[in-house]
Structures are given as C-alpha cells and as structure tokens.
Amino acid sequence: MVNISYFYDAKVTEAIIYEMCEEIVQYESDEFTHNEDNNNMQKMSCPYEYLTDHRIEELLTWEKAYEAAERALERFATGEAHQSERLKVPVGPNFLFTMCGYLKDEEYGGLVSLLFTQFISNKKLEPPLPVVHSDITLMDEKTGVTKVIVPGRELVNWVLPSVSVMATRHLHGKTGEVLAIIGAGNQGRLHAIALHKFFNFSEVRVWNRTASKAEDLVKQLNKAMTSSVFVTANFVEECVNNADVIVTATKASQTLVKYSWIKKGAHINAIGVSVVTTELDDETYRSSTTYTDNKEAAEIELKPIVKLGVKFKEVGDVIVGKIQAPKKSDTTIFQSSGTAIQYCAFARLISDLHKGKQ
Ligand SMILES: NC(=O)C1=CN([C@@H]2O[C@H](COP(=O)(O)OP(=O)(O)OC[C@H]3O[C@@H](n4cnc5c(N)ncnc54)[C@H](OP(=O)(O)O)[C@@H]3O)[C@@H](O)[C@H]2O)C=CC1
Ligand SMILES: O=C(O)C1=NCCCC1
C-alpha cells in the first residue's frame, strides 16, 4: 500500500497544491465557467461523460484487458496503490457495496469509486428489475475532477475474466491443454472466451446444470470462433477429469467439484462467490495453494474458506517476484475478490480509448 500520510506534511502539501493550482488554472480556462455574481465561485459545466455498455464493447479488446489486469495486479503488489476498506451496507435482504482506490500509474492511474447494489427483492417486482446495479466513477488523480462514469456490470465482464487469465498465466503457465468450465452463465461464457483467446486450448469442456444452456453456448462459441474445440460435458466429474485449467462460475449453494476428480497440478479459477458455501469441496482447499487478488478482503469475506484454515497468498506477489511461483505439481486455486485498483485501471483505459489517447 502506498503511504499517503506524506500529503499531511505541511510543506509538501503547499508545494503540491501550488503545482496543482497551476494546472487547474489552465484547466479552468477550457472547462470552467465563472459566475461573477457569486464571489467568483467556480461553476463547472459537466466535465465527464457516462460511457455506455455499447461504447465499452466498441473500445475494449481482450488483449488490452489482459494488459490492464496484469498492471493492476502488479501495482497492487508493489504498493503503488491505495485502497479504502470495502464497505457493505445491508438494506434488509439487499445491500449497497462500496470500494474506493488510488492507482499511481502513468497509463492506468486515477482515483476510483465503485458503487454496487444487489437488490434480490427486485426479482419479485412486477415487472422484475435486474438484481445488480453498479456505477464506477473515475477521477483525475491530480485534480480529483470526475473524468468518466462507466457501468460496473459491463466492466466486471472484462475485469474478472482478464484477472483470471493473468492468474492462470502466472500460477500455472501456458501449458494447459484442456479447459473445464463449470457453469454456462455470463461469467462461465466470458471465462471460456477470455481464457481460450489467451491460451488456445485444444479442448474446452462446458458443464451446466441446465444442459441445454451448455449446448447452446458450445454451438455459439464454435460458430463464433470457427472451431470445434468447445464441447459439452454431461457431468461435473466428466468435465474436470484430466483438465489442466478449471473455472467454477455458478450460483450453486452446494459443492460441485471434488478433489478426487481433479488432476494434480491443475489450476482452478473459483469465481462463484458465496458467504456461506464454496463450489469446491474442503479437500480441494486443504490440498491446494489458494491465491487471491486481495488477501485482506478475502480473509474478511471468504468465511467458508477461512474456516478451513486456508492461508491466502496474493497472485500479484508472484507476478512481481515477492514470493515464489508455485511448482508445476502444485494444485492452485485463484479466488477472485475484485479490487478497486483493477476497476481503476480499466476505467482509465476506457476513458483514454474514448478520448483517442491509447
Ligand atoms: N467476484 C466478482 O466480482 C463477481 C462474482 N460473480 C459470481 O460468479 C458467479 C456466476 O455469476 P454470473 O455468471 O454472473 O451468473 P449467471 O446468472 O449468468 O449464471 C449463473 C450460473 O449458475 C448456475 N447455477 C445456479 N444455481 C446452480 C446450482 N444450484 N447448481 C449448479 N449450477 C447452478 C446457473 O445454471 P442454470 O443455467 O442451470 O440456471 C448458471 O450457469 C456467481 O456466483 C457470482 O456471484 C459474478 C460477477 C462478479
Ligand atoms: O456484478 C457484479 O457482481 C459486480 N461486481 C463488482 C462490480 C460491479 C458489478
């Protein structure tokens, strides 16, 4: 974590403020309007844009997303990033979740604030509304001025799979031949695409509770990639059998994968999050090394895993060489928590792409 206490040193603060004011004056002349009747109080015209899902899809590519994910993991590990505590505010059965962060980086830096609501009760409305709503605000790190607001639901579609790709790269390497996807929902589909684009697997197996959805996804992906590598599996055991890389991305509230079915040395990206259950059995956690992108959050939020006595390691520490990479024979789990820093890197990337800067 970066130590931001130096901002409170009076002399340094003065120097920083002076430097920033010079830049702000420059900025004002372009972006601000003065209200003479109000003691020269600055009134801003709206300096930011809301970038739609559609615009993000137009701008982003998986290659750019992998790079942003890797940089965010690196910077988090080297301390060039600062994050506030994550806060979950209960609203009956629903909640509001917030996280803020500051990433110091020429290309991907900024200040970010992520707001995310999960209203289970929306399912019962007539007509029903989506359960998750989320907006991510990116602010300039020199002025605090808002640059863009992006929809979190779209951004998570890029952030989560590319962080898993980078975790797989650094914890397992580019040796995988068979990928097993458990769950053909949104994240299962996106992980299949992002991981296959990066690793070019010889076989990608998909299992889903509702088999027809796995069949549809397999057809769709083979067609889109003019390939025949995507195949369905009838049972979870058949899907993970001898697989090198596994993704669990379901909303299951029961264990789906048993350690005895997994190849030794496999890597698992465990995406399905629950405060009460895991998709992997206890033996899998006890016999593997579990990595996360945010140890502090994982220790608080992933209670069922903590209860097993699992000691989390951070994937960023492997990337920057702070800790040794796992051995080929180690079975590894990546337990993704998502960090404000990752969202900052992606929001900045999108903001720059939108303005034609990248
Ligand atoms: N860490 C993070 O930031 C994020 C984590 N997630 C997590 O990823 C997981 C998947 O989310 P997402 O892809 O968006 O969800 P979707 O609603 O798109 O897909 C849900 C999937 O879970 C399956 N499923 C639900 N219940 C069961 C069950 N009892 N047994 C087996 N399969 C089941 C569904 O199967 P069927 O088709 O049969 O219904 C479907 O394949 C969730 O746990 C979610 O919390 C998601 C986004 C962000
Ligand atoms: O859909 C989710 O889950 C999200 N998680 C974190 C950020 C926004 C959306």
# chains A, B, ... in the order shown; residues from 1 in each chain; ligands from 1
$ residues_near_ligand --ligand "ligand 1" --cutoff "8 Å" --atoms "only C-alpha atoms and all ligand atoms" --output "MDAnalysis selection string"
chainID A and resid 156:157 160 182:189 208:211 213:214 248:254 256 271:274 336:338
$ write_last_selection --atoms "N, CA, C and O atoms" --output "short mmCIF file (atom, residue, chain, number, x, y, z; two decimals), in the first residue's frame"
data_model
loop_
_atom_site.label_atom_id
_atom_site.label_comp_id
_atom_site.auth_asym_id
_atom_site.auth_seq_id
_atom_site.Cartn_x
_atom_site.Cartn_y
_atom_site.Cartn_z
N VAL A 156 -17.29 -5.42 -15.12
CA VAL A 156 -16.96 -6.69 -14.46
C VAL A 156 -16.83 -7.82 -15.49
O VAL A 156 -16.08 -8.77 -15.30
N ASN A 157 -17.52 -7.67 -16.61
CA ASN A 157 -17.44 -8.67 -17.69
C ASN A 157 -16.04 -8.75 -18.30
O ASN A 157 -15.67 -9.75 -18.88
N LEU A 160 -13.09 -9.33 -14.48
CA LEU A 160 -12.99 -10.64 -13.82
C LEU A 160 -12.32 -11.69 -14.71
O LEU A 160 -11.36 -12.35 -14.28
N ILE A 182 -17.29 -24.85 -15.51
CA ILE A 182 -18.46 -25.32 -14.75
C ILE A 182 -19.40 -24.13 -14.60
O ILE A 182 -19.11 -23.19 -13.86
N GLY A 183 -20.47 -24.15 -15.37
CA GLY A 183 -21.43 -23.03 -15.33
C GLY A 183 -21.41 -22.26 -16.63
O GLY A 183 -20.39 -21.64 -16.97
N ALA A 184 -22.52 -22.32 -17.37
CA ALA A 184 -22.58 -21.66 -18.68
C ALA A 184 -23.35 -20.34 -18.60
O ALA A 184 -23.98 -19.93 -19.56
N GLY A 185 -23.27 -19.68 -17.44
CA GLY A 185 -23.90 -18.36 -17.31
C GLY A 185 -22.98 -17.29 -17.88
O GLY A 185 -22.07 -17.59 -18.68
N ASN A 186 -23.20 -16.06 -17.47
CA ASN A 186 -22.43 -14.93 -18.01
C ASN A 186 -20.93 -15.09 -17.79
O ASN A 186 -20.13 -15.02 -18.72
N GLN A 187 -20.52 -15.32 -16.53
CA GLN A 187 -19.08 -15.41 -16.25
C GLN A 187 -18.46 -16.68 -16.83
O GLN A 187 -17.31 -16.68 -17.26
N GLY A 188 -19.21 -17.77 -16.85
CA GLY A 188 -18.70 -19.01 -17.45
C GLY A 188 -18.38 -18.78 -18.93
O GLY A 188 -17.31 -19.13 -19.43
N ARG A 189 -19.33 -18.14 -19.63
CA ARG A 189 -19.15 -17.85 -21.06
C ARG A 189 -17.95 -16.93 -21.29
O ARG A 189 -17.09 -17.20 -22.13
N ASN A 208 -23.17 -27.47 -17.52
CA ASN A 208 -24.13 -26.56 -16.89
C ASN A 208 -25.28 -27.36 -16.31
O ASN A 208 -25.65 -28.41 -16.84
N ARG A 209 -25.84 -26.85 -15.18
CA ARG A 209 -26.95 -27.56 -14.52
C ARG A 209 -28.09 -27.80 -15.52
O ARG A 209 -28.59 -28.91 -15.64
N THR A 210 -28.45 -26.75 -16.26
CA THR A 210 -29.44 -26.91 -17.32
C THR A 210 -28.64 -27.22 -18.60
O THR A 210 -28.03 -26.33 -19.18
N ALA A 211 -28.67 -28.49 -18.98
CA ALA A 211 -27.77 -28.95 -20.04
C ALA A 211 -27.96 -28.19 -21.36
O ALA A 211 -26.98 -27.91 -22.08
N LYS A 213 -28.44 -25.17 -21.92
CA LYS A 213 -27.70 -23.90 -21.98
C LYS A 213 -26.23 -24.14 -22.32
O LYS A 213 -25.61 -23.34 -23.02
N ALA A 214 -25.68 -25.26 -21.84
CA ALA A 214 -24.29 -25.59 -22.19
C ALA A 214 -24.21 -25.92 -23.68
O ALA A 214 -23.29 -25.49 -24.38
N THR A 248 -14.88 -22.43 -12.04
CA THR A 248 -16.20 -22.67 -11.45
C THR A 248 -16.90 -21.31 -11.39
O THR A 248 -16.41 -20.39 -10.75
N ALA A 249 -18.01 -21.18 -12.09
CA ALA A 249 -18.70 -19.88 -12.18
C ALA A 249 -20.21 -20.09 -12.11
O ALA A 249 -20.93 -19.82 -13.07
N THR A 250 -20.65 -20.58 -10.95
CA THR A 250 -22.09 -20.82 -10.79
C THR A 250 -22.62 -20.08 -9.56
O THR A 250 -21.85 -19.54 -8.78
N LYS A 251 -23.92 -20.15 -9.42
CA LYS A 251 -24.55 -19.58 -8.21
C LYS A 251 -24.95 -20.72 -7.28
O LYS A 251 -25.86 -20.56 -6.46
N ALA A 252 -24.30 -21.85 -7.41
CA ALA A 252 -24.67 -23.04 -6.61
C ALA A 252 -24.45 -22.77 -5.14
O ALA A 252 -23.48 -22.12 -4.75
N SER A 253 -25.35 -23.31 -4.33
CA SER A 253 -25.14 -23.18 -2.89
C SER A 253 -24.71 -24.54 -2.33
O SER A 253 -24.85 -24.81 -1.14
N GLN A 254 -24.24 -25.42 -3.21
CA GLN A 254 -23.71 -26.71 -2.74
C GLN A 254 -22.40 -26.98 -3.49
O GLN A 254 -22.14 -26.40 -4.54
N LEU A 256 -19.76 -28.58 -5.86
CA LEU A 256 -19.92 -29.21 -7.17
C LEU A 256 -18.71 -30.04 -7.57
O LEU A 256 -18.83 -31.01 -8.31
N ILE A 271 -14.78 -18.68 -9.20
CA ILE A 271 -15.45 -17.38 -9.37
C ILE A 271 -16.71 -17.27 -8.54
O ILE A 271 -17.03 -16.22 -8.00
N GLY A 272 -17.45 -18.36 -8.43
CA GLY A 272 -18.73 -18.34 -7.71
C GLY A 272 -18.50 -17.96 -6.26
O GLY A 272 -17.75 -18.63 -5.55
N VAL A 273 -19.09 -16.88 -5.87
CA VAL A 273 -18.82 -16.36 -4.53
C VAL A 273 -20.06 -16.54 -3.65
O VAL A 273 -21.16 -16.25 -4.07
N SER A 274 -19.84 -17.03 -2.47
CA SER A 274 -20.92 -17.09 -1.53
C SER A 274 -20.33 -16.92 -0.14
O SER A 274 -19.23 -17.37 0.13
N SER A 336 -10.99 -15.05 -6.83
CA SER A 336 -11.03 -13.65 -7.24
C SER A 336 -11.93 -12.82 -6.31
O SER A 336 -13.07 -13.19 -6.07
N SER A 337 -11.39 -11.70 -5.82
CA SER A 337 -12.22 -10.82 -4.98
C SER A 337 -12.62 -9.57 -5.73
O SER A 337 -13.64 -8.96 -5.43
N GLY A 338 -11.77 -9.15 -6.69
CA GLY A 338 -12.01 -7.89 -7.39
C GLY A 338 -11.50 -6.75 -6.52
O GLY A 338 -11.76 -6.73 -5.32
#
$ residues_around --residues "Val275 in chain A" --least-positions-apart "3" --cutoff "7 Å" --atoms "only C-alpha atoms" --output "VMD selection string"
chain A and resid 301 to 304
$ write_last_selection --atoms "all heavy atoms" --output "mmCIF file, in the first residue's frame"
data_model
loop_
_atom_site.group_PDB
_atom_site.id
_atom_site.type_symbol
_atom_site.label_atom_id
_atom_site.label_comp_id
_atom_site.auth_asym_id
_atom_site.auth_seq_id
_atom_site.Cartn_x
_atom_site.Cartn_y
_atom_site.Cartn_z
ATOM 1 N N GLU A 301 -14.067 -11.662 3.743
ATOM 2 C CA GLU A 301 -15.281 -12.007 3.005
ATOM 3 C C GLU A 301 -15.462 -13.502 2.734
ATOM 4 O O GLU A 301 -16.586 -13.972 2.608
ATOM 5 C CB GLU A 301 -15.302 -11.232 1.677
ATOM 6 C CG GLU A 301 -15.488 -9.738 1.897
ATOM 7 C CD GLU A 301 -15.220 -8.902 0.650
ATOM 8 O OE1 GLU A 301 -15.227 -9.457 -0.458
ATOM 9 O OE2 GLU A 301 -14.995 -7.692 0.803
ATOM 10 N N LEU A 302 -14.355 -14.227 2.575
ATOM 11 C CA LEU A 302 -14.491 -15.633 2.172
ATOM 12 C C LEU A 302 -14.473 -16.565 3.393
ATOM 13 O O LEU A 302 -13.594 -17.415 3.549
ATOM 14 C CB LEU A 302 -13.403 -15.989 1.148
ATOM 15 C CG LEU A 302 -13.397 -15.119 -0.111
ATOM 16 C CD1 LEU A 302 -12.270 -15.498 -1.049
ATOM 17 C CD2 LEU A 302 -14.728 -15.206 -0.858
ATOM 18 N N LYS A 303 -15.473 -16.382 4.226
ATOM 19 C CA LYS A 303 -15.519 -17.076 5.522
ATOM 20 C C LYS A 303 -15.454 -18.603 5.420
ATOM 21 O O LYS A 303 -14.741 -19.241 6.204
ATOM 22 C CB LYS A 303 -16.746 -16.633 6.310
ATOM 23 C CG LYS A 303 -16.638 -15.185 6.759
ATOM 24 C CD LYS A 303 -17.535 -14.863 7.913
ATOM 25 C CE LYS A 303 -17.279 -13.475 8.431
ATOM 26 N NZ LYS A 303 -17.523 -12.397 7.458
ATOM 27 N N PRO A 304 -16.187 -19.222 4.474
ATOM 28 C CA PRO A 304 -16.144 -20.695 4.439
ATOM 29 C C PRO A 304 -14.739 -21.231 4.148
ATOM 30 O O PRO A 304 -14.403 -22.330 4.567
ATOM 31 C CB PRO A 304 -17.100 -21.063 3.301
ATOM 32 C CG PRO A 304 -17.758 -19.837 2.857
ATOM 33 C CD PRO A 304 -17.074 -18.654 3.450
#
$ residues_around --residues "range 124-130 of chain A" --least-positions-apart "6" --cutoff "12 Å" --atoms "only C-alpha atoms" --output "ChimeraX atom specification"
/A:117-118,153
$ write_last_selection --atoms "all heavy atoms" --output "JSON list (two decimals), in the first residue's frame"
[["chain", "number", "residue", "atom", "x", "y", "z"],
["A", 117, "THR", "N", -25.01, -2.12, -6.02],
["A", 117, "THR", "CA", -26.13, -2.57, -5.19],
["A", 117, "THR", "C", -26.58, -3.95, -5.65],
["A", 117, "THR", "O", -26.56, -4.24, -6.85],
["A", 117, "THR", "CB", -27.35, -1.62, -5.25],
["A", 117, "THR", "OG1", -27.75, -1.46, -6.61],
["A", 117, "THR", "CG2", -27.05, -0.28, -4.63],
["A", 118, "GLN", "N", -26.95, -4.78, -4.70],
["A", 118, "GLN", "CA", -27.56, -6.08, -5.05],
["A", 118, "GLN", "C", -28.90, -6.12, -4.35],
["A", 118, "GLN", "O", -28.96, -6.27, -3.13],
["A", 118, "GLN", "CB", -26.65, -7.22, -4.61],
["A", 118, "GLN", "CG", -27.23, -8.57, -5.03],
["A", 118, "GLN", "CD", -26.31, -9.72, -4.70],
["A", 118, "GLN", "OE1", -25.19, -9.79, -5.19],
["A", 118, "GLN", "NE2", -26.77, -10.61, -3.86],
["A", 153, "ARG", "N", -21.57, -3.23, -14.27],
["A", 153, "ARG", "CA", -21.99, -4.55, -14.77],
["A", 153, "ARG", "C", -21.26, -4.91, -16.07],
["A", 153, "ARG", "O", -20.96, -6.06, -16.33],
["A", 153, "ARG", "CB", -23.51, -4.57, -15.03],
["A", 153, "ARG", "CG", -24.30, -5.00, -13.85],
["A", 153, "ARG", "CD", -24.67, -6.43, -13.78],
["A", 153, "ARG", "NE", -23.71, -7.40, -13.35],
["A", 153, "ARG", "CZ", -24.00, -8.66, -13.09],
["A", 153, "ARG", "NH1", -25.20, -9.09, -13.19],
["A", 153, "ARG", "NH2", -23.06, -9.50, -12.73]]
$ residues_around --residues "Glu296 in chain A" --least-positions-apart "5" --cutoff "12 Å" --atoms "only C-alpha atoms" --output "number ranges by chain"
A: 1, 83-86, 291, 301-302, 306, 311-314, 337-339
$ residues_around --residues "range 87-93 of chain A" --least-positions-apart "3" --cutoff "9 Å" --atoms "only C-alpha atoms" --output "list in words"
Ser84, Leu96, Phe97, Thr98, Met99, Phe119, Ile120 and Ser121 of chain A
$ closest_residue --among "A:Phe116, A:Trp62, A:Phe198, A:Tyr285" --to "ligand 2" --atoms "only C-alpha atoms and all ligand atoms"
A:Phe116
$ residues_around --residues "Val257 in chain A" --least-positions-apart "6" --cutoff "12 Å" --atoms "only C-alpha atoms" --output "number ranges by chain"
A: 180-183, 207, 235-241, 246-250, 263, 268, 270, 278-285
$ write_last_selection --atoms "N, CA, C and O atoms" --output "mmCIF file, in the first residue's frame"
data_model
loop_
_atom_site.group_PDB
_atom_site.id
_atom_site.type_symbol
_atom_site.label_atom_id
_atom_site.label_comp_id
_atom_site.auth_asym_id
_atom_site.auth_seq_id
_atom_site.Cartn_x
_atom_site.Cartn_y
_atom_site.Cartn_z
ATOM 1 N N ALA A 180 -11.825 -26.700 -18.419
ATOM 2 C CA ALA A 180 -13.163 -27.139 -17.992
ATOM 3 C C ALA A 180 -13.910 -25.953 -17.412
ATOM 4 O O ALA A 180 -13.412 -25.285 -16.508
ATOM 5 N N ILE A 181 -15.091 -25.687 -17.959
ATOM 6 C CA ILE A 181 -15.925 -24.576 -17.472
ATOM 7 C C ILE A 181 -17.144 -25.167 -16.782
ATOM 8 O O ILE A 181 -17.937 -25.891 -17.409
ATOM 9 N N ILE A 182 -17.293 -24.853 -15.506
ATOM 10 C CA ILE A 182 -18.463 -25.317 -14.748
ATOM 11 C C ILE A 182 -19.400 -24.128 -14.603
ATOM 12 O O ILE A 182 -19.106 -23.193 -13.856
ATOM 13 N N GLY A 183 -20.471 -24.148 -15.366
ATOM 14 C CA GLY A 183 -21.431 -23.034 -15.328
ATOM 15 C C GLY A 183 -21.406 -22.262 -16.633
ATOM 16 O O GLY A 183 -20.395 -21.639 -16.969
ATOM 17 N N TRP A 207 -19.840 -27.602 -18.704
ATOM 18 C CA TRP A 207 -20.943 -28.277 -17.991
ATOM 19 C C TRP A 207 -21.868 -27.206 -17.449
ATOM 20 O O TRP A 207 -21.419 -26.158 -16.981
ATOM 21 N N PHE A 235 -21.550 -34.480 -16.962
ATOM 22 C CA PHE A 235 -21.402 -34.464 -15.505
ATOM 23 C C PHE A 235 -20.211 -33.603 -15.132
ATOM 24 O O PHE A 235 -19.267 -33.470 -15.922
ATOM 25 N N VAL A 236 -20.226 -33.072 -13.923
ATOM 26 C CA VAL A 236 -19.104 -32.241 -13.470
ATOM 27 C C VAL A 236 -17.818 -33.075 -13.478
ATOM 28 O O VAL A 236 -16.765 -32.635 -13.938
ATOM 29 N N GLU A 237 -17.923 -34.320 -13.012
ATOM 30 C CA GLU A 237 -16.732 -35.177 -12.946
ATOM 31 C C GLU A 237 -16.125 -35.370 -14.335
ATOM 32 O O GLU A 237 -14.911 -35.258 -14.520
ATOM 33 N N GLU A 238 -16.991 -35.601 -15.303
ATOM 34 C CA GLU A 238 -16.524 -35.790 -16.694
ATOM 35 C C GLU A 238 -15.866 -34.496 -17.209
ATOM 36 O O GLU A 238 -14.865 -34.520 -17.910
ATOM 37 N N CYS A 239 -16.420 -33.379 -16.796
ATOM 38 C CA CYS A 239 -15.905 -32.084 -17.264
ATOM 39 C C CYS A 239 -14.491 -31.818 -16.727
ATOM 40 O O CYS A 239 -13.605 -31.405 -17.468
ATOM 41 N N VAL A 240 -14.291 -32.063 -15.434
ATOM 42 C CA VAL A 240 -12.991 -31.694 -14.838
ATOM 43 C C VAL A 240 -11.936 -32.795 -14.974
ATOM 44 O O VAL A 240 -10.751 -32.553 -14.741
ATOM 45 N N ASN A 241 -12.369 -33.992 -15.368
ATOM 46 C CA ASN A 241 -11.446 -35.118 -15.450
ATOM 47 C C ASN A 241 -10.263 -34.793 -16.372
ATOM 48 O O ASN A 241 -10.439 -34.511 -17.541
ATOM 49 N N ILE A 246 -9.423 -25.168 -14.671
ATOM 50 C CA ILE A 246 -10.861 -25.318 -14.363
ATOM 51 C C ILE A 246 -11.408 -23.947 -13.943
ATOM 52 O O ILE A 246 -10.713 -23.187 -13.268
ATOM 53 N N VAL A 247 -12.638 -23.670 -14.366
ATOM 54 C CA VAL A 247 -13.312 -22.448 -13.901
ATOM 55 C C VAL A 247 -14.629 -22.883 -13.258
ATOM 56 O O VAL A 247 -15.388 -23.646 -13.865
ATOM 57 N N THR A 248 -14.883 -22.426 -12.035
ATOM 58 C CA THR A 248 -16.202 -22.666 -11.450
ATOM 59 C C THR A 248 -16.902 -21.311 -11.386
ATOM 60 O O THR A 248 -16.409 -20.385 -10.746
ATOM 61 N N ALA A 249 -18.006 -21.182 -12.091
ATOM 62 C CA ALA A 249 -18.698 -19.881 -12.176
ATOM 63 C C ALA A 249 -20.206 -20.090 -12.106
ATOM 64 O O ALA A 249 -20.931 -19.821 -13.065
ATOM 65 N N THR A 250 -20.652 -20.582 -10.955
ATOM 66 C CA THR A 250 -22.093 -20.818 -10.793
ATOM 67 C C THR A 250 -22.623 -20.082 -9.562
ATOM 68 O O THR A 250 -21.851 -19.545 -8.778
ATOM 69 N N LYS A 263 -7.108 -33.308 -11.597
ATOM 70 C CA LYS A 263 -5.730 -33.701 -11.924
ATOM 71 C C LYS A 263 -4.759 -32.956 -11.000
ATOM 72 O O LYS A 263 -4.916 -31.743 -10.782
ATOM 73 N N ILE A 268 -7.297 -23.854 -10.739
ATOM 74 C CA ILE A 268 -8.750 -23.584 -10.701
ATOM 75 C C ILE A 268 -8.999 -22.104 -10.461
ATOM 76 O O ILE A 268 -8.452 -21.518 -9.524
ATOM 77 N N ALA A 270 -11.752 -19.977 -9.154
ATOM 78 C CA ALA A 270 -13.024 -20.151 -8.439
ATOM 79 C C ALA A 270 -13.748 -18.807 -8.379
ATOM 80 O O ALA A 270 -13.361 -17.923 -7.628
ATOM 81 N N THR A 278 -18.908 -22.971 -0.860
ATOM 82 C CA THR A 278 -17.933 -22.921 -1.962
ATOM 83 C C THR A 278 -18.325 -23.998 -2.973
ATOM 84 O O THR A 278 -18.975 -24.982 -2.624
ATOM 85 N N GLU A 279 -17.900 -23.796 -4.205
ATOM 86 C CA GLU A 279 -18.207 -24.794 -5.239
ATOM 87 C C GLU A 279 -17.216 -25.958 -5.196
ATOM 88 O O GLU A 279 -17.459 -27.007 -5.767
ATOM 89 N N LEU A 280 -16.064 -25.714 -4.541
ATOM 90 C CA LEU A 280 -15.038 -26.755 -4.425
ATOM 91 C C LEU A 280 -15.166 -27.415 -3.058
ATOM 92 O O LEU A 280 -15.463 -26.723 -2.075
ATOM 93 N N ASP A 281 -14.907 -28.723 -2.967
ATOM 94 C CA ASP A 281 -15.032 -29.366 -1.657
ATOM 95 C C ASP A 281 -13.854 -28.979 -0.750
ATOM 96 O O ASP A 281 -12.838 -28.445 -1.219
ATOM 97 N N ASP A 282 -14.006 -29.263 0.539
ATOM 98 C CA ASP A 282 -12.999 -28.858 1.526
ATOM 99 C C ASP A 282 -11.624 -29.440 1.202
ATOM 100 O O ASP A 282 -10.594 -28.788 1.382
ATOM 101 N N GLU A 283 -11.638 -30.694 0.715
ATOM 102 C CA GLU A 283 -10.383 -31.381 0.415
ATOM 103 C C GLU A 283 -9.588 -30.620 -0.658
ATOM 104 O O GLU A 283 -8.356 -30.571 -0.615
ATOM 105 N N THR A 284 -10.298 -30.030 -1.610
ATOM 106 C CA THR A 284 -9.612 -29.268 -2.667
ATOM 107 C C THR A 284 -8.852 -28.097 -2.048
ATOM 108 O O THR A 284 -7.700 -27.847 -2.371
ATOM 109 N N TYR A 285 -9.508 -27.385 -1.120
ATOM 110 C CA TYR A 285 -8.826 -26.255 -0.470
ATOM 111 C C TYR A 285 -7.681 -26.738 0.415
ATOM 112 O O TYR A 285 -6.614 -26.131 0.435
#
$ residues_near_ligand --ligand "ligand 2" --cutoff "8 Å" --atoms "only C-alpha atoms and all ligand atoms" --output "MDAnalysis selection string"
chainID A and resid 114:116 132:136 151:156 338
$ atom_distance --atom1 "CA of Val231 in chain A" --atom2 "CA of Ala167 in chain A"
24.0 Å
$ select_by_dssp --residues "range 52-277 of chain A" --states "helix (DSSP H, G or I)" --output "VMD selection string"
chain A and resid 53 to 59 62 to 78 120 to 124 152 to 171 186 to 199 211 to 224 236 to 240 259 to 261
$ closest_residue --among "A:Lys147, A:Ile305, A:Ser329, A:Leu60" --to "Ser113 in chain A" --atoms "only C-alpha atoms"
A:Lys147
$ select_by_dssp --residues "range 173-339 of chain A" --states "strand (DSSP E)" --output "PyMOL selection string"
chain A and resi 178-182+203-207+230-232+245-248+267-270+289-292+313-314+332-335
$ atom_distance --atom1 "CA of Leu217 in chain A" --atom2 "CA of Phe230 in chain A"
8.7 Å
$ residues_around --residues "Leu103 in chain A" --least-positions-apart "4" --cutoff "6 Å" --atoms "only C-alpha atoms" --output "count of residues only"
4
